[in-house]
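Trainee: Got a structure for you, my_file-v9.txt, holding compact mmCIF, N, CA and C atoms.
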```
# COMPACT_ATOMS: atom_id res chain seq x y z
N MET A 1 -191.49 47.23 -20.07
CA MET A 1 -190.44 48.03 -19.45
C MET A 1 -189.96 47.31 -18.19
N ASP A 2 -188.68 47.35 -17.96
CA ASP A 2 -188.06 46.77 -16.78
C ASP A 2 -188.68 47.38 -15.51
N LYS A 3 -188.98 46.52 -14.52
CA LYS A 3 -189.65 47.00 -13.30
C LYS A 3 -188.80 48.04 -12.57
N GLU A 4 -187.49 47.78 -12.48
CA GLU A 4 -186.61 48.73 -11.79
C GLU A 4 -186.58 50.08 -12.51
N LEU A 5 -186.55 50.06 -13.83
CA LEU A 5 -186.58 51.30 -14.60
C LEU A 5 -187.89 52.03 -14.35
N SER A 6 -188.97 51.30 -14.31
CA SER A 6 -190.28 51.89 -14.06
C SER A 6 -190.32 52.57 -12.68
N VAL A 7 -189.78 51.91 -11.67
CA VAL A 7 -189.72 52.49 -10.32
C VAL A 7 -188.85 53.74 -10.33
N ASN A 8 -187.68 53.66 -10.98
CA ASN A 8 -186.79 54.83 -11.06
C ASN A 8 -187.46 55.99 -11.77
N LEU A 9 -188.21 55.71 -12.83
CA LEU A 9 -188.91 56.78 -13.55
C LEU A 9 -189.96 57.45 -12.67
N GLU A 10 -190.65 56.67 -11.84
CA GLU A 10 -191.64 57.26 -10.93
C GLU A 10 -190.96 58.14 -9.87
N LEU A 11 -189.85 57.64 -9.31
CA LEU A 11 -189.09 58.44 -8.34
C LEU A 11 -188.57 59.72 -8.99
N LEU A 12 -188.06 59.57 -10.22
CA LEU A 12 -187.53 60.72 -10.95
C LEU A 12 -188.64 61.73 -11.23
N LYS A 13 -189.81 61.24 -11.61
CA LYS A 13 -190.94 62.13 -11.89
C LYS A 13 -191.26 62.99 -10.66
N ASP A 14 -191.28 62.38 -9.49
CA ASP A 14 -191.53 63.13 -8.25
C ASP A 14 -190.44 64.16 -8.00
N ASP A 15 -189.18 63.73 -8.16
CA ASP A 15 -188.07 64.66 -7.93
C ASP A 15 -188.11 65.83 -8.91
N LEU A 16 -188.39 65.55 -10.18
CA LEU A 16 -188.40 66.62 -11.18
C LEU A 16 -189.50 67.63 -10.90
N ALA A 17 -190.63 67.18 -10.40
CA ALA A 17 -191.70 68.11 -10.04
C ALA A 17 -191.21 69.02 -8.91
N PHE A 18 -190.49 68.44 -7.97
CA PHE A 18 -189.95 69.20 -6.84
C PHE A 18 -188.86 70.18 -7.31
N TYR A 19 -188.03 69.75 -8.25
CA TYR A 19 -186.90 70.55 -8.74
C TYR A 19 -187.27 71.50 -9.88
N ASN A 20 -188.50 71.49 -10.34
CA ASN A 20 -188.91 72.17 -11.57
C ASN A 20 -188.37 73.59 -11.70
N GLU A 21 -188.60 74.43 -10.71
CA GLU A 21 -188.17 75.84 -10.81
C GLU A 21 -186.66 75.96 -10.96
N MET A 22 -185.92 75.14 -10.21
CA MET A 22 -184.45 75.18 -10.29
C MET A 22 -183.98 74.76 -11.68
N LEU A 23 -184.60 73.75 -12.24
CA LEU A 23 -184.20 73.27 -13.57
C LEU A 23 -184.50 74.30 -14.65
N ILE A 24 -185.65 74.95 -14.55
CA ILE A 24 -185.98 76.02 -15.50
C ILE A 24 -184.93 77.13 -15.43
N GLU A 25 -184.56 77.50 -14.22
CA GLU A 25 -183.59 78.58 -14.03
C GLU A 25 -182.23 78.21 -14.63
N VAL A 26 -181.76 77.00 -14.37
CA VAL A 26 -180.45 76.58 -14.89
C VAL A 26 -180.50 76.46 -16.41
N SER A 27 -181.57 75.89 -16.95
CA SER A 27 -181.71 75.76 -18.40
C SER A 27 -181.70 77.14 -19.06
N THR A 28 -182.44 78.06 -18.48
CA THR A 28 -182.50 79.43 -19.00
C THR A 28 -181.12 80.08 -18.97
N ASP A 29 -180.39 79.88 -17.88
CA ASP A 29 -179.04 80.45 -17.76
C ASP A 29 -178.10 79.87 -18.83
N ILE A 30 -178.14 78.55 -19.03
CA ILE A 30 -177.28 77.92 -20.03
C ILE A 30 -177.57 78.50 -21.41
N LEU A 31 -178.86 78.67 -21.72
CA LEU A 31 -179.26 79.21 -23.03
C LEU A 31 -178.89 80.69 -23.16
N SER A 32 -179.25 81.49 -22.16
CA SER A 32 -179.06 82.94 -22.27
C SER A 32 -177.59 83.35 -22.19
N GLU A 33 -176.77 82.56 -21.48
CA GLU A 33 -175.33 82.86 -21.40
C GLU A 33 -174.58 82.35 -22.63
N GLY A 34 -175.28 81.63 -23.51
CA GLY A 34 -174.66 81.15 -24.73
C GLY A 34 -173.74 79.95 -24.55
N PHE A 35 -173.85 79.23 -23.42
CA PHE A 35 -173.01 78.05 -23.21
C PHE A 35 -173.36 76.95 -24.20
N SER A 36 -174.64 76.79 -24.49
CA SER A 36 -175.08 75.75 -25.40
C SER A 36 -176.56 75.95 -25.73
N LYS A 37 -176.98 75.38 -26.84
CA LYS A 37 -178.40 75.34 -27.19
C LYS A 37 -179.02 74.04 -26.68
N TYR A 38 -178.18 73.20 -26.03
CA TYR A 38 -178.61 71.86 -25.64
C TYR A 38 -178.27 71.57 -24.17
N PRO A 39 -178.99 72.18 -23.23
CA PRO A 39 -178.75 71.87 -21.82
C PRO A 39 -179.27 70.47 -21.48
N ILE A 40 -178.51 69.77 -20.67
CA ILE A 40 -178.88 68.41 -20.28
C ILE A 40 -178.71 68.28 -18.78
N PHE A 41 -179.67 67.63 -18.15
CA PHE A 41 -179.62 67.36 -16.72
C PHE A 41 -179.39 65.87 -16.53
N ILE A 42 -178.47 65.55 -15.66
CA ILE A 42 -178.16 64.14 -15.39
C ILE A 42 -178.76 63.80 -14.03
N ALA A 43 -179.64 62.83 -14.00
CA ALA A 43 -180.23 62.35 -12.75
C ALA A 43 -179.46 61.11 -12.34
N HIS A 44 -178.89 61.14 -11.14
CA HIS A 44 -178.03 60.03 -10.70
C HIS A 44 -178.14 59.84 -9.20
N GLN A 45 -177.88 58.61 -8.76
CA GLN A 45 -177.90 58.30 -7.33
C GLN A 45 -176.49 58.10 -6.79
N GLU A 46 -175.58 57.71 -7.65
CA GLU A 46 -174.17 57.56 -7.29
C GLU A 46 -173.42 58.78 -7.83
N GLU A 47 -172.21 59.00 -7.30
CA GLU A 47 -171.41 60.12 -7.81
C GLU A 47 -170.99 59.83 -9.24
N ILE A 48 -170.95 60.88 -10.07
CA ILE A 48 -170.54 60.75 -11.46
C ILE A 48 -169.49 61.81 -11.77
N LYS A 49 -168.81 61.63 -12.89
CA LYS A 49 -167.74 62.57 -13.29
C LYS A 49 -168.12 63.32 -14.54
N ILE A 50 -169.39 63.64 -14.66
CA ILE A 50 -169.89 64.37 -15.82
C ILE A 50 -170.68 65.56 -15.30
N GLY A 51 -170.52 66.70 -15.95
CA GLY A 51 -171.30 67.87 -15.58
C GLY A 51 -170.93 68.41 -14.21
N GLU A 52 -171.80 69.27 -13.72
CA GLU A 52 -171.61 69.91 -12.42
C GLU A 52 -172.85 69.66 -11.58
N LYS A 53 -172.66 69.09 -10.38
CA LYS A 53 -173.81 68.81 -9.52
C LYS A 53 -174.45 70.13 -9.10
N ILE A 54 -175.74 70.25 -9.37
CA ILE A 54 -176.46 71.47 -9.01
C ILE A 54 -177.49 71.22 -7.91
N ILE A 55 -177.87 69.96 -7.73
CA ILE A 55 -178.85 69.63 -6.69
C ILE A 55 -178.37 68.37 -5.98
N ASP A 56 -178.25 68.47 -4.65
CA ASP A 56 -177.84 67.33 -3.84
C ASP A 56 -179.09 66.70 -3.24
N ALA A 57 -179.38 65.48 -3.66
CA ALA A 57 -180.60 64.78 -3.23
C ALA A 57 -180.63 64.59 -1.72
N GLU A 58 -179.48 64.31 -1.11
CA GLU A 58 -179.44 64.07 0.33
C GLU A 58 -179.85 65.31 1.11
N GLU A 59 -179.39 66.47 0.68
CA GLU A 59 -179.74 67.72 1.37
C GLU A 59 -181.24 67.98 1.33
N LEU A 60 -181.87 67.58 0.23
CA LEU A 60 -183.30 67.85 0.03
C LEU A 60 -184.17 66.63 0.29
N GLN A 61 -183.55 65.55 0.76
CA GLN A 61 -184.26 64.30 1.05
C GLN A 61 -185.06 63.81 -0.16
N ARG A 62 -184.38 63.75 -1.29
CA ARG A 62 -184.98 63.27 -2.53
C ARG A 62 -184.24 62.01 -2.99
N SER A 63 -184.62 61.46 -4.12
CA SER A 63 -184.02 60.22 -4.62
C SER A 63 -182.82 60.44 -5.54
N PHE A 64 -182.86 61.51 -6.37
CA PHE A 64 -181.84 61.71 -7.38
C PHE A 64 -181.10 63.02 -7.22
N HIS A 65 -179.76 62.94 -7.32
CA HIS A 65 -178.95 64.14 -7.48
C HIS A 65 -179.16 64.61 -8.92
N ILE A 66 -178.97 65.89 -9.15
CA ILE A 66 -179.05 66.42 -10.51
C ILE A 66 -177.76 67.17 -10.82
N SER A 67 -177.15 66.81 -11.93
CA SER A 67 -175.99 67.53 -12.44
C SER A 67 -176.39 68.16 -13.76
N ALA A 68 -175.77 69.27 -14.08
CA ALA A 68 -176.05 69.96 -15.34
C ALA A 68 -174.85 69.83 -16.26
N THR A 69 -175.15 69.63 -17.53
CA THR A 69 -174.11 69.58 -18.55
C THR A 69 -174.71 70.08 -19.85
N VAL A 70 -173.96 69.94 -20.91
CA VAL A 70 -174.43 70.32 -22.25
C VAL A 70 -174.04 69.21 -23.22
N VAL A 71 -174.70 69.14 -24.35
CA VAL A 71 -174.43 68.07 -25.30
C VAL A 71 -172.97 68.06 -25.74
N GLU A 72 -172.36 69.22 -25.80
CA GLU A 72 -170.97 69.29 -26.24
C GLU A 72 -170.05 68.47 -25.31
N GLU A 73 -170.31 68.49 -24.00
CA GLU A 73 -169.51 67.69 -23.07
C GLU A 73 -169.77 66.20 -23.29
N LEU A 74 -171.04 65.84 -23.55
CA LEU A 74 -171.36 64.44 -23.77
C LEU A 74 -170.71 63.91 -25.05
N ILE A 75 -170.58 64.78 -26.05
CA ILE A 75 -169.89 64.39 -27.29
C ILE A 75 -168.39 64.25 -27.02
N GLU A 76 -167.85 65.22 -26.28
CA GLU A 76 -166.42 65.19 -25.95
C GLU A 76 -166.07 63.91 -25.18
N LYS A 77 -166.96 63.46 -24.29
CA LYS A 77 -166.71 62.25 -23.48
C LYS A 77 -167.24 60.99 -24.16
N ASN A 78 -167.70 61.14 -25.40
CA ASN A 78 -168.17 60.02 -26.22
C ASN A 78 -169.39 59.30 -25.64
N ILE A 79 -170.18 60.03 -24.86
CA ILE A 79 -171.45 59.48 -24.36
C ILE A 79 -172.48 59.59 -25.48
N VAL A 80 -172.46 60.71 -26.18
CA VAL A 80 -173.17 60.84 -27.46
C VAL A 80 -172.06 60.79 -28.51
N THR A 81 -172.11 59.77 -29.36
CA THR A 81 -171.04 59.62 -30.34
C THR A 81 -171.15 60.68 -31.43
N ALA A 82 -170.03 60.99 -32.03
CA ALA A 82 -170.00 61.99 -33.10
C ALA A 82 -170.95 61.60 -34.23
N GLU A 83 -171.05 60.28 -34.50
CA GLU A 83 -171.95 59.80 -35.56
C GLU A 83 -173.41 60.09 -35.24
N ASN A 84 -173.74 60.13 -33.94
CA ASN A 84 -175.13 60.35 -33.53
C ASN A 84 -175.44 61.80 -33.16
N GLU A 85 -174.46 62.68 -33.28
CA GLU A 85 -174.66 64.08 -32.87
C GLU A 85 -175.83 64.74 -33.59
N ASP A 86 -175.87 64.64 -34.91
CA ASP A 86 -176.95 65.30 -35.67
C ASP A 86 -178.31 64.72 -35.31
N ARG A 87 -178.38 63.40 -35.23
CA ARG A 87 -179.64 62.75 -34.87
C ARG A 87 -180.11 63.16 -33.48
N PHE A 88 -179.16 63.24 -32.54
CA PHE A 88 -179.48 63.66 -31.18
C PHE A 88 -180.03 65.09 -31.17
N LYS A 89 -179.34 65.99 -31.89
CA LYS A 89 -179.77 67.39 -31.92
C LYS A 89 -181.12 67.55 -32.60
N GLN A 90 -181.42 66.74 -33.63
CA GLN A 90 -182.72 66.81 -34.29
C GLN A 90 -183.83 66.32 -33.36
N ALA A 91 -183.53 65.34 -32.52
CA ALA A 91 -184.53 64.79 -31.60
C ALA A 91 -184.71 65.65 -30.36
N PHE A 92 -183.79 66.58 -30.13
CA PHE A 92 -183.80 67.42 -28.92
C PHE A 92 -185.04 68.30 -28.92
N LYS A 93 -185.77 68.29 -27.82
CA LYS A 93 -186.98 69.12 -27.73
C LYS A 93 -186.63 70.51 -27.23
N ASP A 94 -187.52 71.47 -27.47
CA ASP A 94 -187.30 72.86 -27.10
C ASP A 94 -186.91 72.98 -25.62
N PRO A 95 -185.67 73.42 -25.33
CA PRO A 95 -185.21 73.49 -23.94
C PRO A 95 -185.89 74.57 -23.10
N LYS A 96 -186.73 75.38 -23.72
CA LYS A 96 -187.51 76.35 -22.94
C LYS A 96 -188.75 75.67 -22.36
N ASN A 97 -189.13 74.54 -22.95
CA ASN A 97 -190.34 73.85 -22.51
C ASN A 97 -190.09 72.45 -21.96
N PHE A 98 -188.92 71.88 -22.26
CA PHE A 98 -188.62 70.51 -21.84
C PHE A 98 -187.25 70.43 -21.20
N ALA A 99 -187.13 69.57 -20.19
CA ALA A 99 -185.84 69.23 -19.63
C ALA A 99 -185.37 67.94 -20.29
N CYS A 100 -184.16 67.94 -20.81
CA CYS A 100 -183.55 66.72 -21.33
C CYS A 100 -182.83 66.08 -20.14
N ILE A 101 -183.28 64.89 -19.77
CA ILE A 101 -182.73 64.21 -18.60
C ILE A 101 -181.98 62.96 -19.06
N LEU A 102 -180.76 62.83 -18.60
CA LEU A 102 -180.01 61.60 -18.78
C LEU A 102 -180.11 60.87 -17.45
N LEU A 103 -180.93 59.83 -17.40
CA LEU A 103 -181.13 59.04 -16.19
C LEU A 103 -180.05 57.97 -16.15
N VAL A 104 -179.19 58.06 -15.12
CA VAL A 104 -178.09 57.12 -14.98
C VAL A 104 -178.38 56.23 -13.77
N THR A 105 -178.44 54.92 -14.01
CA THR A 105 -178.63 53.95 -12.93
C THR A 105 -177.55 52.90 -13.06
N ASP A 106 -177.50 51.97 -12.12
CA ASP A 106 -176.50 50.91 -12.20
C ASP A 106 -176.78 49.96 -13.35
N LYS A 107 -177.97 50.06 -13.95
CA LYS A 107 -178.34 49.21 -15.10
C LYS A 107 -178.01 49.86 -16.44
N GLY A 108 -177.65 51.14 -16.43
CA GLY A 108 -177.35 51.83 -17.68
C GLY A 108 -177.85 53.26 -17.64
N ALA A 109 -178.04 53.84 -18.82
CA ALA A 109 -178.46 55.23 -18.92
C ALA A 109 -179.50 55.37 -20.03
N ASN A 110 -180.45 56.27 -19.81
CA ASN A 110 -181.50 56.54 -20.79
C ASN A 110 -181.77 58.04 -20.83
N PHE A 111 -182.00 58.56 -22.04
CA PHE A 111 -182.43 59.94 -22.18
C PHE A 111 -183.95 59.98 -22.14
N VAL A 112 -184.49 60.95 -21.40
CA VAL A 112 -185.93 61.21 -21.40
C VAL A 112 -186.14 62.72 -21.46
N PHE A 113 -187.20 63.13 -22.12
CA PHE A 113 -187.56 64.55 -22.17
C PHE A 113 -188.79 64.73 -21.32
N VAL A 114 -188.71 65.66 -20.38
CA VAL A 114 -189.80 65.89 -19.44
C VAL A 114 -190.25 67.34 -19.58
N PRO A 115 -191.55 67.57 -19.80
CA PRO A 115 -192.00 68.97 -19.91
C PRO A 115 -191.87 69.69 -18.58
N PHE A 116 -191.40 70.93 -18.66
CA PHE A 116 -191.39 71.77 -17.46
C PHE A 116 -192.83 72.09 -17.09
N LYS A 117 -193.08 72.16 -15.81
CA LYS A 117 -194.40 72.64 -15.37
C LYS A 117 -194.31 74.16 -15.39
N GLN A 118 -195.20 74.76 -16.14
CA GLN A 118 -195.20 76.23 -16.24
C GLN A 118 -196.10 76.80 -15.16
N LYS A 119 -195.67 77.92 -14.59
CA LYS A 119 -196.51 78.59 -13.61
C LYS A 119 -197.75 79.11 -14.29
N ALA A 120 -198.86 79.01 -13.63
CA ALA A 120 -200.09 79.57 -14.17
C ALA A 120 -199.98 81.09 -14.13
N LYS A 121 -200.34 81.73 -15.23
CA LYS A 121 -200.28 83.19 -15.28
C LYS A 121 -201.54 83.76 -14.63
N LYS A 122 -201.34 84.81 -13.87
CA LYS A 122 -202.48 85.46 -13.23
C LYS A 122 -203.21 86.32 -14.26
N ASP A 123 -204.51 86.51 -14.06
CA ASP A 123 -205.29 87.33 -14.99
C ASP A 123 -204.66 88.70 -15.17
N GLY A 124 -204.44 89.07 -16.41
CA GLY A 124 -203.91 90.39 -16.73
C GLY A 124 -202.40 90.48 -16.59
N ALA A 125 -201.75 89.48 -16.00
CA ALA A 125 -200.29 89.53 -15.82
C ALA A 125 -199.61 88.82 -16.98
N GLU A 126 -198.39 89.22 -17.27
CA GLU A 126 -197.64 88.54 -18.33
C GLU A 126 -196.54 87.73 -17.75
```
Since I need it in another form, could you write the structure as structure tokens?

Mentor:
Amino acid sequence: MDKELSVNLELLKDDLAFYNEMLIEVSTDILSEGFSKYPIFIAHQEEIKIGEKIIDAEELQRSFHISATVVEELIEKNIVTAENEDRFKQAFKDPKNFACILLVTDKGANFVFVPFKQKAKKDGAE
């Protein structure tokens, strides 16, 4: 693996742990409001013209901004090609348990699926 990608993945891992609750909330909203079955979070350091920025890294002193989008927008903008739509949707992990992250760097973009950290349930509580 490229050293820069490895460093970015470590920084992203730290940011995602910090952002976990916010990402769960946005993913749940996208699903429950019926916007899409495929919520996607874009992790970026430069400004982008995809999705809607939901977390400003500078305000929170983190490494990555996070924008939210859905697969339908990525298909519309030809980031996920129409030919790859079915394959992408089949590979998509359960959005209640995983965040689909599109990591955008100056070297390119990669999709990664990161499990949400679930809150520990208290004894007897649901």

Trainee: Which neighbours of A:Phe64 fall inside 7 Å, counting only N, CA and C atoms, when residues of the same chain fewer than 5 positions from it are skipped, and could you give them as number ranges by chain?

Mentor: A: 11-12, 15, 43-45, 55-58

Trainee: Rank A:Asn97, A:Lys107, A:Phe113, A:Tyr38 by their smallest atom-to-atom distance to A:Glu4, using only C-alpha atoms, and report the top residue only.

Mentor: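 When distances to A:Glu4 are compared using only C-alpha atoms, the smallest one comes from A:Lys107.
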
Trainee: What residues in stretch 33-77 of chain A get the DSSP label helix (DSSP H, G or I)? Please answer as a ChimeraX atom specification.

Mentor: /A:57-60,71-76

Trainee: What residues in chain A get the DSSP label strand (DSSP E or B)? Please answer as an MDAnalysis selection string.

Mentor: chainID A and resid 39:44 52:55 65:70 98:105 108:115

Trainee: Looking at A:Ile40, A:Leu9, A:Ile48, A:Ile30, which one is nearest to A:Ala99, with distances taken over all atoms listed in the file?

Mentor: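 With all atoms listed in the file as the atom set, the closest residue is A:Ile40.
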